[in-house]
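All remarks here apply to the structure that follows.
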Amino acid sequence: MTSSLTRWQHRLQLQDWSISVKLSKPNQLRRGTLGNIHWDSPAKTAEVRVLPATEYSMPYNAALRDMEFTLVHELVHLELASLPRNDASRGDEEDAVNRVAEALLRLDRGE
């Protein structure tokens, strides 16, 4: 996961951030999610939490692909952190972040 973080951090031009990834059990994440991100903008630090492959109910390689999607998804949220946010726009933001993350991964995978 560290190599994926380094690659995507560079691609999204987030090298000025100190970002860590932590594999987290389901009870450490909001119900129904596979990951999250918490950041401190003034300090330029962030922690991405991702459900480990061992917690997935799918083949290992598929779980690894989904973990990478979760990582990219959360990094896109970080990229958008400076934009105004509110509860009303949260659903629209999630939809847009999903589409951008999916597009980036498809390009990366040559799909």
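To be explicit about the labels: the chains of the structure tokens are called A, B, and onward in the order shown, and within each one the residues are counted from 1, while ligands get numbers from 1 in the order they are shown.
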
Residue contacts of segment 22-31 of chain A (8 Å, only C-alpha atoms) excluding same-chain residues fewer than 3 positions away, as a short mmCIF file (atom, residue, chain, number, x, y, z; two decimals) with N, CA and C atoms, in the first residue's frame:
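File produced: out22.cif:
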```
data_model
loop_
_atom_site.label_atom_id
_atom_site.label_comp_id
_atom_site.auth_asym_id
_atom_site.auth_seq_id
_atom_site.Cartn_x
_atom_site.Cartn_y
_atom_site.Cartn_z
N LEU A 34 -15.31 1.63 3.30
CA LEU A 34 -14.10 0.83 3.17
C LEU A 34 -12.85 1.63 3.51
N GLY A 35 -13.04 2.90 3.83
CA GLY A 35 -11.92 3.75 4.18
C GLY A 35 -12.38 5.16 4.50
N ASN A 36 -11.43 5.98 4.93
CA ASN A 36 -11.69 7.39 5.16
C ASN A 36 -10.37 8.13 5.21
N GLU A 47 -4.09 11.22 7.28
CA GLU A 47 -4.06 9.78 7.50
C GLU A 47 -5.23 9.17 6.74
N VAL A 48 -4.90 8.21 5.89
CA VAL A 48 -5.92 7.47 5.14
C VAL A 48 -6.08 6.13 5.84
N ARG A 49 -7.30 5.80 6.16
CA ARG A 49 -7.60 4.49 6.73
C ARG A 49 -8.27 3.65 5.65
N VAL A 50 -7.79 2.40 5.52
CA VAL A 50 -8.28 1.51 4.47
C VAL A 50 -8.54 0.13 5.09
N LEU A 51 -9.64 -0.46 4.71
CA LEU A 51 -9.94 -1.82 5.13
C LEU A 51 -8.94 -2.78 4.50
N PRO A 52 -8.30 -3.67 5.27
CA PRO A 52 -7.31 -4.59 4.68
C PRO A 52 -7.98 -5.69 3.85
N GLU A 55 -10.17 -8.50 5.21
CA GLU A 55 -11.54 -8.22 5.67
C GLU A 55 -12.55 -8.23 4.53
#
```

Please provide the set of residues having any atom within 12 Å of Arg7 of chain A, restricted to only C-alpha atoms, with same-chain residues fewer than 2 positions apart removed, written as JSON, numbers by chain. {"A": [1, 2, 3, 4, 5, 9, 10, 11, 12, 13, 14, 15, 68, 71, 72, 75, 105, 108]}

Which parts of segment 76-110 of chain A does DSSP call alpha helix (DSSP H) when run on the backbone here, written out as a list in words? Val76, His77, Leu78, Glu79, Arg90, Gly91, Asp92, Glu93, Glu94, Asp95, Ala96, Val97, Asn98, Arg99, Val100, Ala101, Glu102, Ala103, Leu104, Leu105, Arg106, Leu107 and Asp108 of chain A

A:Trp17, A:Lys44, A:Ala53, A:Asp95 ranked by distance to Arg65 of chain A, top pick (using only C-alpha atoms):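 For Arg65 of chain A, the nearest of the given residues is A:Ala53.
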
Neighbouring residues of Thr45 of chain A were defined as those with any atom within 12 Å, considering only C-alpha atoms; residues of the same chain fewer than 5 positions away were excluded. Please report them as a tab-separated table (two decimals) with N, CA, C and O atoms, in the first residue's frame.
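Generated file (result_3.tsv):
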```
chain	number	residue	atom	x	y	z
A	14	LEU	N	0.56	15.87	-4.52
A	14	LEU	CA	0.36	16.06	-3.08
A	14	LEU	C	1.67	15.79	-2.32
A	14	LEU	O	1.64	15.44	-1.14
A	15	GLN	N	2.81	15.96	-2.98
A	15	GLN	CA	4.09	15.67	-2.35
A	15	GLN	C	4.39	16.57	-1.16
A	15	GLN	O	5.19	16.22	-0.30
A	16	ASP	N	3.75	17.74	-1.10
A	16	ASP	CA	4.00	18.64	0.03
A	16	ASP	C	3.20	18.25	1.27
A	16	ASP	O	3.31	18.89	2.31
A	17	TRP	N	2.44	17.16	1.16
A	17	TRP	CA	1.68	16.63	2.30
A	17	TRP	C	2.42	15.43	2.88
A	17	TRP	O	3.01	14.64	2.16
A	18	SER	N	2.33	15.29	4.19
A	18	SER	CA	2.82	14.09	4.86
A	18	SER	C	1.60	13.19	5.06
A	18	SER	O	0.72	13.50	5.88
A	19	ILE	N	1.53	12.12	4.27
A	19	ILE	CA	0.35	11.25	4.26
A	19	ILE	C	0.75	9.86	4.70
A	19	ILE	O	1.75	9.30	4.21
A	20	SER	N	-0.04	9.28	5.58
A	20	SER	CA	0.18	7.90	6.00
A	20	SER	C	-1.06	7.09	5.69
A	20	SER	O	-2.17	7.63	5.58
A	21	VAL	N	-0.86	5.77	5.54
A	21	VAL	CA	-1.98	4.85	5.33
A	21	VAL	C	-1.99	3.88	6.50
A	21	VAL	O	-0.96	3.35	6.89
A	37	ILE	N	-10.48	9.44	5.31
A	37	ILE	CA	-9.28	10.27	5.41
A	37	ILE	C	-9.55	11.38	6.42
A	37	ILE	O	-10.67	11.91	6.49
A	38	HIS	N	-8.54	11.68	7.20
A	38	HIS	CA	-8.57	12.81	8.12
A	38	HIS	C	-7.33	13.64	7.83
A	38	HIS	O	-6.23	13.09	7.71
A	39	TRP	N	-7.51	14.95	7.71
A	39	TRP	CA	-6.38	15.80	7.39
A	39	TRP	C	-6.35	17.03	8.27
A	39	TRP	O	-7.35	17.43	8.85
A	40	ASP	N	-5.17	17.60	8.32
A	40	ASP	CA	-4.92	18.86	9.00
A	40	ASP	C	-4.29	19.77	7.95
A	40	ASP	O	-3.09	19.64	7.65
A	75	LEU	N	-7.59	10.24	-1.54
A	75	LEU	CA	-6.64	11.27	-1.96
A	75	LEU	C	-7.31	12.34	-2.82
A	75	LEU	O	-6.93	13.52	-2.75
A	78	LEU	N	-8.77	14.71	-0.51
A	78	LEU	CA	-7.73	15.61	0.00
A	78	LEU	C	-7.44	16.71	-1.01
A	78	LEU	O	-7.27	17.87	-0.64
```

Just the residues within 8 Å of Val76 of chain A, please, counting only C-alpha atoms, with nothing from its chain fewer than 3 positions along; format it as a list in words.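 Listing them by chain and then by number gives Leu12, Val72, His73, Glu79, Leu80, Val97, Val100 and Ala101 of chain A.
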
Taking the DSSP secondary structure from the backbone, can you list the residues of segment 12-68 of chain A that are strand (DSSP E or B), as a PyMOL selection string? chain A and resi 18-23+35-40+45-50

Between atom CA of Ala46 of chain A and atom CA of Tyr60 of chain A, what is the distance in Å, rounded to a tenth?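 Between atom CA of Ala46 of chain A and atom CA of Tyr60 of chain A the gap works out to 26.7 Å.
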
Excluding same-chain residues fewer than 4 positions from Asn98 of chain A, what lies within 9 Å of it counting only C-alpha atoms, as a VMD selection string? chain A and resid 69 73 76 93 to 94 102 to 103

Between A:Gly110, A:His77, A:Ala63, A:Pro84, which residue has the minimum interatomic distance to Ala96 of chain A, considering only C-alpha atoms?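 The answer is A:His77, which sits nearest to Ala96 of chain A.
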
Could you tell me how far atom CA of Thr6 of chain A sits from atom CA of Asn86 of chain A, in Å to one decimal place? 29.7 Å
